[in-house]
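Engineer: Got a structure for you, structure_1.txt, holding compact mmCIF, C-alpha atoms.
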```txt
# COMPACT_ATOMS: atom_id res chain seq x y z
CA MET A 1104 0.00 0.00 0.00
CA ARG A 1105 1.48 3.31 -1.06
CA PRO A 1106 1.71 5.88 1.76
CA VAL A 1107 0.63 9.50 1.44
CA ARG A 1108 3.55 11.77 0.55
CA ARG A 1109 3.97 15.36 1.76
CA GLU A 1110 3.94 16.74 -1.79
CA GLU A 1111 0.39 15.41 -2.25
CA ILE A 1112 -0.93 17.65 0.51
CA VAL A 1113 -2.02 21.22 -0.24
CA ASP A 1114 -2.70 24.07 2.17
CA TYR A 1115 -6.22 24.18 3.59
CA VAL A 1116 -7.25 27.27 1.58
CA THR A 1117 -6.31 25.63 -1.73
CA TYR A 1118 -7.99 22.42 -0.62
CA ASP A 1119 -11.16 24.28 0.34
CA GLU A 1120 -11.42 25.75 -3.18
CA GLY A 1121 -11.83 22.28 -4.73
CA ARG A 1122 -13.37 20.54 -1.71
CA ALA A 1123 -16.86 20.06 -3.12
CA GLN A 1124 -15.57 18.15 -6.14
CA GLU A 1125 -13.11 16.17 -4.02
CA ARG A 1126 -15.88 15.15 -1.59
CA VAL A 1127 -17.96 13.74 -4.46
CA ARG A 1128 -14.98 11.76 -5.75
CA MET A 1129 -14.05 10.50 -2.28
CA MET A 1130 -17.56 9.34 -1.46
CA GLU A 1131 -17.29 6.99 -4.45
CA VAL A 1132 -13.78 5.84 -3.45
CA LYS A 1133 -15.08 5.08 0.06
CA ARG A 1134 -18.36 3.55 -1.15
CA VAL A 1135 -16.63 0.63 -2.84
CA ARG A 1136 -14.34 0.08 0.16
CA ARG A 1137 -17.12 0.15 2.78
CA VAL A 1138 -18.49 -3.20 3.96
CA HIS A 1139 -21.44 -3.41 6.36
CA MET A 1140 -21.76 -6.47 8.56
CA GLY A 1141 -24.14 -7.64 11.22
CA GLY A 1142 -26.15 -4.42 11.19
CA VAL A 1143 -23.70 -2.65 13.53
CA LEU A 1144 -20.20 -3.01 12.06
CA THR A 1145 -18.79 -1.09 9.12
CA PHE A 1146 -15.37 -1.95 7.72
CA LEU A 1147 -13.79 0.85 5.68
CA PHE A 1148 -10.75 -0.42 3.82
CA GLU A 1149 -8.29 2.46 3.61
CA ASN A 1150 -5.94 3.46 0.83
CA ALA A 1151 -3.74 6.45 0.02
CA ASP A 1152 -6.75 8.39 -1.33
CA THR A 1153 -8.87 7.89 1.80
CA ALA A 1154 -5.92 8.75 4.06
CA ARG A 1155 -5.04 11.86 2.02
CA TYR A 1156 -8.67 12.98 2.17
CA GLN A 1157 -8.76 12.62 5.97
CA ILE A 1158 -5.48 14.54 6.30
CA GLN A 1159 -6.84 17.38 4.17
CA GLU A 1160 -10.11 17.43 6.12
CA MET A 1161 -8.23 17.61 9.44
CA MET A 1162 -6.00 20.40 8.15
CA ARG A 1163 -9.09 22.31 7.02
CA ALA A 1164 -11.01 21.75 10.28
CA GLU A 1165 -8.06 22.75 12.45
CA ARG A 1166 -6.71 25.46 10.10
CA MET A 1167 -3.39 23.64 10.25
CA VAL A 1168 -0.36 25.43 8.77
CA LYS A 1169 2.58 24.43 10.95
CA GLU A 1170 4.78 22.02 9.00
CA SER A 1171 5.48 19.74 11.97
CA ASP A 1172 1.71 19.39 12.60
CA ILE A 1173 1.08 18.54 8.94
CA ARG A 1174 3.84 15.93 8.93
CA GLN A 1175 2.48 14.44 12.17
CA GLU A 1176 -0.97 14.17 10.56
CA ILE A 1177 0.52 12.43 7.51
CA GLU A 1178 2.43 10.00 9.74
CA THR A 1179 -0.68 9.25 11.81
CA TYR A 1180 -2.89 8.50 8.81
CA ASN A 1181 -0.18 6.51 7.02
CA GLU A 1182 -0.18 4.18 10.05
CA LEU A 1183 -3.75 3.19 9.09
CA LEU A 1184 -2.58 1.85 5.74
CA GLY A 1185 -1.41 -1.69 5.43
CA GLY A 1186 2.14 -2.57 4.50
CA PRO A 1187 3.07 -4.87 1.61
CA GLY A 1188 0.40 -7.56 1.25
CA GLU A 1189 -1.79 -6.01 3.97
CA LEU A 1190 -5.15 -4.29 3.93
CA GLY A 1191 -5.61 -1.43 6.39
CA CYS A 1192 -9.11 -0.92 7.70
CA SER A 1193 -11.08 1.36 9.99
CA LEU A 1194 -13.84 -0.47 11.82
CA LEU A 1195 -16.80 1.55 13.02
CA ILE A 1196 -19.07 0.09 15.67
CA GLU A 1197 -22.33 1.86 14.93
CA LEU A 1198 -24.82 1.83 17.78
CA ASP A 1199 -27.01 4.93 18.04
CA ASP A 1200 -28.47 4.32 21.50
CA PRO A 1201 -25.92 5.51 24.10
CA ILE A 1202 -27.00 2.96 26.71
CA GLU A 1203 -26.81 0.06 24.27
CA ARG A 1204 -23.48 1.37 22.93
CA ALA A 1205 -21.97 1.49 26.45
CA GLU A 1206 -23.17 -2.06 27.19
CA LYS A 1207 -21.96 -3.53 23.90
CA LEU A 1208 -18.55 -1.83 24.02
CA LYS A 1209 -17.99 -3.54 27.38
CA ALA A 1210 -19.40 -6.90 26.25
CA TRP A 1211 -17.50 -6.81 22.96
CA ARG A 1212 -14.10 -5.92 24.43
CA ALA A 1213 -12.61 -9.05 22.77
CA LEU A 1214 -14.07 -8.21 19.34
CA PRO A 1215 -10.77 -7.46 17.53
CA GLU A 1216 -9.52 -11.03 18.09
CA HIS A 1217 -12.76 -12.41 16.65
CA LEU A 1218 -12.76 -10.48 13.37
CA TYR A 1219 -11.45 -11.91 10.14
CA VAL A 1220 -11.31 -11.68 6.38
CA ARG A 1221 -11.92 -14.96 4.59
CA LEU A 1222 -9.70 -15.80 1.63
CA PRO A 1223 -10.83 -17.82 -1.42
CA ASP A 1224 -9.28 -21.01 0.01
CA GLY A 1225 -11.32 -20.61 3.23
CA THR A 1226 -8.45 -19.32 5.36
CA ARG A 1227 -9.51 -16.80 7.97
CA VAL A 1228 -6.98 -14.01 8.40
CA ARG A 1229 -7.20 -12.30 11.80
CA PRO A 1230 -6.20 -8.65 12.11
CA THR A 1231 -3.51 -6.93 14.03
CA PHE A 1232 -4.98 -3.96 15.82
CA ASP A 1233 -4.10 -0.94 17.90
CA GLU A 1234 -4.31 -2.06 21.52
CA ARG A 1235 -4.65 1.63 22.53
CA GLN A 1236 -8.21 1.45 21.15
CA ARG A 1237 -9.18 -0.92 23.94
CA GLY A 1238 -9.28 0.16 27.56
CA ASP A 1239 -9.42 -1.99 30.67
CA GLU A 1240 -13.20 -1.85 30.71
CA ARG A 1241 -14.36 -1.24 27.16
CA LEU A 1242 -13.59 -1.11 23.49
CA SER A 1243 -13.44 2.11 21.49
CA SER A 1244 -16.22 2.43 18.89
CA VAL A 1245 -13.53 2.97 16.23
CA GLN A 1246 -10.87 0.32 15.65
CA TYR A 1247 -7.85 0.37 13.32
CA LEU A 1248 -7.12 -3.04 11.84
CA LYS A 1249 -4.58 -4.55 9.46
CA PHE A 1250 -5.20 -7.84 7.70
CA ASP A 1251 -2.07 -9.53 6.30
CA THR A 1252 -3.61 -11.34 3.35
CA GLN A 1253 -0.18 -11.72 1.73
CA GLY A 1254 -1.61 -9.90 -1.27
CA LYS A 1255 -4.61 -12.19 -1.68
CA ILE A 1256 -8.04 -10.63 -2.18
CA PRO A 1257 -10.56 -11.61 0.51
CA GLU A 1258 -14.01 -12.95 -0.32
CA ALA A 1259 -15.70 -11.93 2.93
CA VAL A 1260 -15.38 -10.15 6.26
CA GLY A 1261 -16.68 -11.74 9.40
CA SER A 1262 -16.94 -12.01 13.15
CA ASP A 1263 -17.10 -15.15 15.26
CA LEU A 1264 -17.54 -13.31 18.57
CA PRO A 1265 -20.24 -15.06 20.60
CA GLY A 1266 -23.33 -12.88 20.31
CA LEU A 1267 -22.00 -11.17 17.19
CA THR A 1268 -21.52 -13.93 14.65
CA ALA A 1269 -21.89 -12.67 11.08
CA GLU A 1270 -20.20 -12.74 7.71
CA THR A 1271 -20.62 -10.49 4.67
CA LEU A 1272 -19.48 -11.51 1.20
CA LEU A 1273 -17.57 -8.86 -0.71
CA THR A 1274 -19.01 -7.80 -4.03
CA ALA A 1275 -16.99 -8.07 -7.23
CA GLU A 1276 -16.69 -4.27 -7.16
CA GLN A 1277 -15.31 -4.32 -3.61
CA GLN A 1278 -12.85 -7.08 -4.47
CA ALA A 1279 -11.67 -5.11 -7.52
CA ALA A 1280 -11.05 -2.04 -5.32
CA LEU A 1281 -9.02 -4.10 -2.83
CA ARG A 1282 -7.08 -5.73 -5.68
CA GLU A 1283 -6.21 -2.23 -6.92
CA ASP A 1284 -5.11 -1.19 -3.41
CA LEU A 1285 -2.89 -4.24 -3.01
CA GLY A 1286 -1.62 -3.51 -6.57
```
Using the file provided, produce a representation of the structure as structure tokens.

Structural biologist:
Amino acid sequence: MRPVRREEIVDYVTYDEGRAQERVRMMEVKRVRRVHMGGVLTFLFENADTARYQIQEMMRAERMVKESDIRQEIETYNELLGGPGELGCSLLIELDDPIERAEKLKAWRALPEHLYVRLPDGTRVRPTFDERQRGDERLSSVQYLKFDTQGKIPEAVGSDLPGLTAETLLTAEQQAALREDLG
């Protein structure tokens, strides 16, 4: 996965001038990399475009101009991308009700170990994840995962966590996008 380079990032004023068009383009880039599962989990497979977009949005929101801050933002978002043969992914746990969300984030604390992508030969690849996204008592509602598929394109994403067992097949369009990302 190619990382975002500093020369790809423009100042927030220049970015803002073309933001409307960029947002339309990025919604399509994200659409084909977004996989919903089990009614409450959304996997967003990241690539250099999605990371660059988030960097530009953060720079715009925070009116960021200091070079060290910009480079820190690039470094942070590049960490979300997978390395060679890996797929980087943001996982969103989407529960609207605050009481239910609090309960599930406690009950699902072990969720990262129970997630997988399934390869064409049936192999389940478990992710590595950022342990900082899990506290002593609960899981964060956003997780950053990396699946080392060794360059193979998954057929499905799934969870075998008791109480949250589900699997979603990837569409041909989603598989093509991931193939492009693994390039």

Engineer: Name all residues at most 6 Å from A:Leu1147 (count all atoms listed in the file; drop same-chain ones fewer than 5 positions away) and give them as a list in words.

Structural biologist: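 My list of contacting residues is Arg1136, Arg1137, Cys1192 and Ser1193 of chain A.
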
Engineer: One decimal, in Å: what's the spacing between atom CA of A:Ala1205 and atom CA of A:Gly1238?

Structural biologist: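 Straight-line distance from atom CA of A:Ala1205 to atom CA of A:Gly1238 works out to 12.8 Å.
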
Engineer: Between atom CA of A:Ala1279 and atom CA of A:Ile1177, what is the distance, to one decimal in Å?

Structural biologist: 26.1 Å

Engineer: Quick one: residues within 7 Å of stretch 1138-1144 of chain A, all atoms listed in the file counted, chain neighbours fewer than 6 positions away excluded, as JSON, numbers by chain?

Structural biologist: {"A": [1194, 1195, 1196, 1197, 1198, 1269, 1270, 1271]}

Engineer: Need to verify the contact set: A:Asp1263, 10 Å, all atoms listed in the file, exclusion of same-chain residues closer than 6 positions in sequence. Can you return it as a PyMOL selection string?

Structural biologist: chain A and resi 1214+1216-1219+1269-1270

Engineer: Would you save the residues from that selection as a JSON list (two decimals), in the coordinates of the input, using C-alpha atoms?

Structural biologist:
```json
[["chain", "number", "residue", "atom", "x", "y", "z"],
["A", 1214, "LEU", "CA", -14.07, -8.21, 19.34],
["A", 1216, "GLU", "CA", -9.52, -11.03, 18.09],
["A", 1217, "HIS", "CA", -12.76, -12.41, 16.65],
["A", 1218, "LEU", "CA", -12.76, -10.48, 13.37],
["A", 1219, "TYR", "CA", -11.45, -11.91, 10.14],
["A", 1269, "ALA", "CA", -21.89, -12.67, 11.08],
["A", 1270, "GLU", "CA", -20.20, -12.74, 7.71]]
```

Engineer: Where's the centre, and what are the edge lengths in Å to one decimal, of a box along x, y and z enclosing all listed atoms of stretch 1263-1266 of chain A padded 6 Å per side, as AutoDock Vina command-line options?

Structural biologist:
```
--center_x -20.2 --center_y -14.0 --center_z 17.9 --size_x 18.2 --size_y 14.3 --size_z 17.3
```

Engineer: For atom CA of A:Asp1233 and atom CA of A:Asn1181, quote the distance in Å rounded to one decimal.

Structural biologist: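 According to the coordinates, atom CA of A:Asp1233 and atom CA of A:Asn1181 are separated by 13.8 Å.
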
Engineer: Do you know which residues are at most 6 Å from A:Leu1248 counting only C-alpha atoms, after dropping those on the same chain fewer than 3 positions away, and could you put them as a list in words?

Structural biologist: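 Answer for this query is Gly1191, Cys1192, Pro1230, Thr1231 and Phe1232 of chain A.
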
Engineer: Given the choices A:Glu1203, A:Glu1189, A:Ser1244, A:Glu1178, which gets closest to A:Pro1257 if the distance is worked out from all atoms listed in the file?

Structural biologist: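 Of all the options, A:Glu1189 lies closest to A:Pro1257.
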
Engineer: Could you give me, as CSV, every stretch 1144-1207 of chain A residue with an atom at most 6 Å from stretch 1105-1123 of chain A, plus its closest atom pair and distance in Å to one decimal, counting all atoms listed in the file, rows ordered by chain then number?

Structural biologist:
```
residue,atom,partner,partner_atom,distance
A:Ala1151,CA,A:Val1107,CA,5.5
A:Met1162,CA,A:Tyr1115,CA,5.9
A:Arg1163,CA,A:Tyr1115,CA,4.8
A:Asn1181,CA,A:Pro1106,CA,5.6
```

Engineer: Quick one: stretch 1219-1251 of chain A with N, CA and C atoms, as a CSV table (one decimal), in the first residue's frame?

Structural biologist:
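Once written, result_28.csv looks like this:
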```
chain,number,residue,atom,x,y,z
A,1219,TYR,N,-12.3,-11.3,11.2
A,1219,TYR,CA,-11.5,-11.9,10.1
A,1219,TYR,C,-11.9,-11.5,8.7
A,1220,VAL,N,-11.0,-11.7,7.8
A,1220,VAL,CA,-11.3,-11.7,6.4
A,1220,VAL,C,-11.1,-13.1,5.9
A,1221,ARG,N,-12.0,-13.6,5.1
A,1221,ARG,CA,-11.9,-15.0,4.6
A,1221,ARG,C,-11.4,-14.9,3.2
A,1222,LEU,N,-10.3,-15.7,2.9
A,1222,LEU,CA,-9.7,-15.8,1.6
A,1222,LEU,C,-10.4,-16.8,0.8
A,1223,PRO,N,-10.2,-16.9,-0.5
A,1223,PRO,CA,-10.8,-17.8,-1.4
A,1223,PRO,C,-10.6,-19.3,-1.0
A,1224,ASP,N,-9.5,-19.6,-0.4
A,1224,ASP,CA,-9.3,-21.0,0.0
A,1224,ASP,C,-9.9,-21.4,1.4
A,1225,GLY,N,-10.7,-20.4,1.9
A,1225,GLY,CA,-11.3,-20.6,3.2
A,1225,GLY,C,-10.5,-20.2,4.4
A,1226,THR,N,-9.3,-19.8,4.3
A,1226,THR,CA,-8.5,-19.3,5.4
A,1226,THR,C,-9.0,-18.0,5.9
A,1227,ARG,N,-9.1,-18.0,7.3
A,1227,ARG,CA,-9.5,-16.8,8.0
A,1227,ARG,C,-8.3,-16.1,8.4
A,1228,VAL,N,-8.1,-14.8,8.0
A,1228,VAL,CA,-7.0,-14.0,8.4
A,1228,VAL,C,-7.5,-13.1,9.5
A,1229,ARG,N,-6.9,-13.2,10.7
A,1229,ARG,CA,-7.2,-12.3,11.8
A,1229,ARG,C,-6.4,-11.0,11.7
A,1230,PRO,N,-6.9,-9.9,12.2
A,1230,PRO,CA,-6.2,-8.7,12.1
A,1230,PRO,C,-5.2,-8.4,13.2
A,1231,THR,N,-4.2,-7.6,12.9
A,1231,THR,CA,-3.5,-6.9,14.0
A,1231,THR,C,-4.3,-5.7,14.3
A,1232,PHE,N,-4.2,-5.1,15.5
A,1232,PHE,CA,-5.0,-4.0,15.8
A,1232,PHE,C,-4.2,-3.1,16.8
A,1233,ASP,N,-4.7,-1.9,17.0
A,1233,ASP,CA,-4.1,-0.9,17.9
A,1233,ASP,C,-4.7,-1.2,19.3
A,1234,GLU,N,-3.9,-1.7,20.2
A,1234,GLU,CA,-4.3,-2.1,21.5
A,1234,GLU,C,-4.7,-0.8,22.3
A,1235,ARG,N,-4.3,0.4,21.9
A,1235,ARG,CA,-4.7,1.6,22.5
A,1235,ARG,C,-6.1,1.9,22.3
A,1236,GLN,N,-6.8,1.2,21.4
A,1236,GLN,CA,-8.2,1.4,21.1
A,1236,GLN,C,-9.1,0.6,22.1
A,1237,ARG,N,-8.4,-0.1,23.0
A,1237,ARG,CA,-9.2,-0.9,23.9
A,1237,ARG,C,-8.7,-0.6,25.4
A,1238,GLY,N,-9.6,-0.1,26.2
A,1238,GLY,CA,-9.3,0.2,27.6
A,1238,GLY,C,-9.5,-1.1,28.4
A,1239,ASP,N,-9.3,-0.9,29.7
A,1239,ASP,CA,-9.4,-2.0,30.7
A,1239,ASP,C,-10.9,-2.5,30.8
A,1240,GLU,N,-11.8,-1.5,30.5
A,1240,GLU,CA,-13.2,-1.8,30.7
A,1240,GLU,C,-14.0,-2.0,29.4
A,1241,ARG,N,-13.5,-1.3,28.4
A,1241,ARG,CA,-14.4,-1.2,27.2
A,1241,ARG,C,-13.5,-1.0,25.9
A,1242,LEU,N,-14.2,-1.3,24.8
A,1242,LEU,CA,-13.6,-1.1,23.5
A,1242,LEU,C,-14.0,0.3,23.0
A,1243,SER,N,-13.1,0.9,22.2
A,1243,SER,CA,-13.4,2.1,21.5
A,1243,SER,C,-14.4,1.8,20.3
A,1244,SER,N,-15.3,2.7,20.0
A,1244,SER,CA,-16.2,2.4,18.9
A,1244,SER,C,-15.6,2.5,17.5
A,1245,VAL,N,-14.3,3.0,17.5
A,1245,VAL,CA,-13.5,3.0,16.2
A,1245,VAL,C,-12.3,2.1,16.5
A,1246,GLN,N,-12.0,1.2,15.6
A,1246,GLN,CA,-10.9,0.3,15.7
A,1246,GLN,C,-10.1,0.4,14.4
A,1247,TYR,N,-8.7,0.3,14.5
A,1247,TYR,CA,-7.9,0.4,13.3
A,1247,TYR,C,-7.2,-1.0,13.2
A,1248,LEU,N,-7.5,-1.7,12.1
A,1248,LEU,CA,-7.1,-3.0,11.8
A,1248,LEU,C,-6.2,-3.2,10.6
A,1249,LYS,N,-5.4,-4.2,10.6
A,1249,LYS,CA,-4.6,-4.5,9.5
A,1249,LYS,C,-4.7,-6.1,9.3
A,1250,PHE,N,-5.1,-6.4,8.1
A,1250,PHE,CA,-5.2,-7.8,7.7
A,1250,PHE,C,-4.1,-8.2,6.7
A,1251,ASP,N,-3.2,-9.1,7.2
A,1251,ASP,CA,-2.1,-9.5,6.3
A,1251,ASP,C,-2.6,-10.7,5.4
```
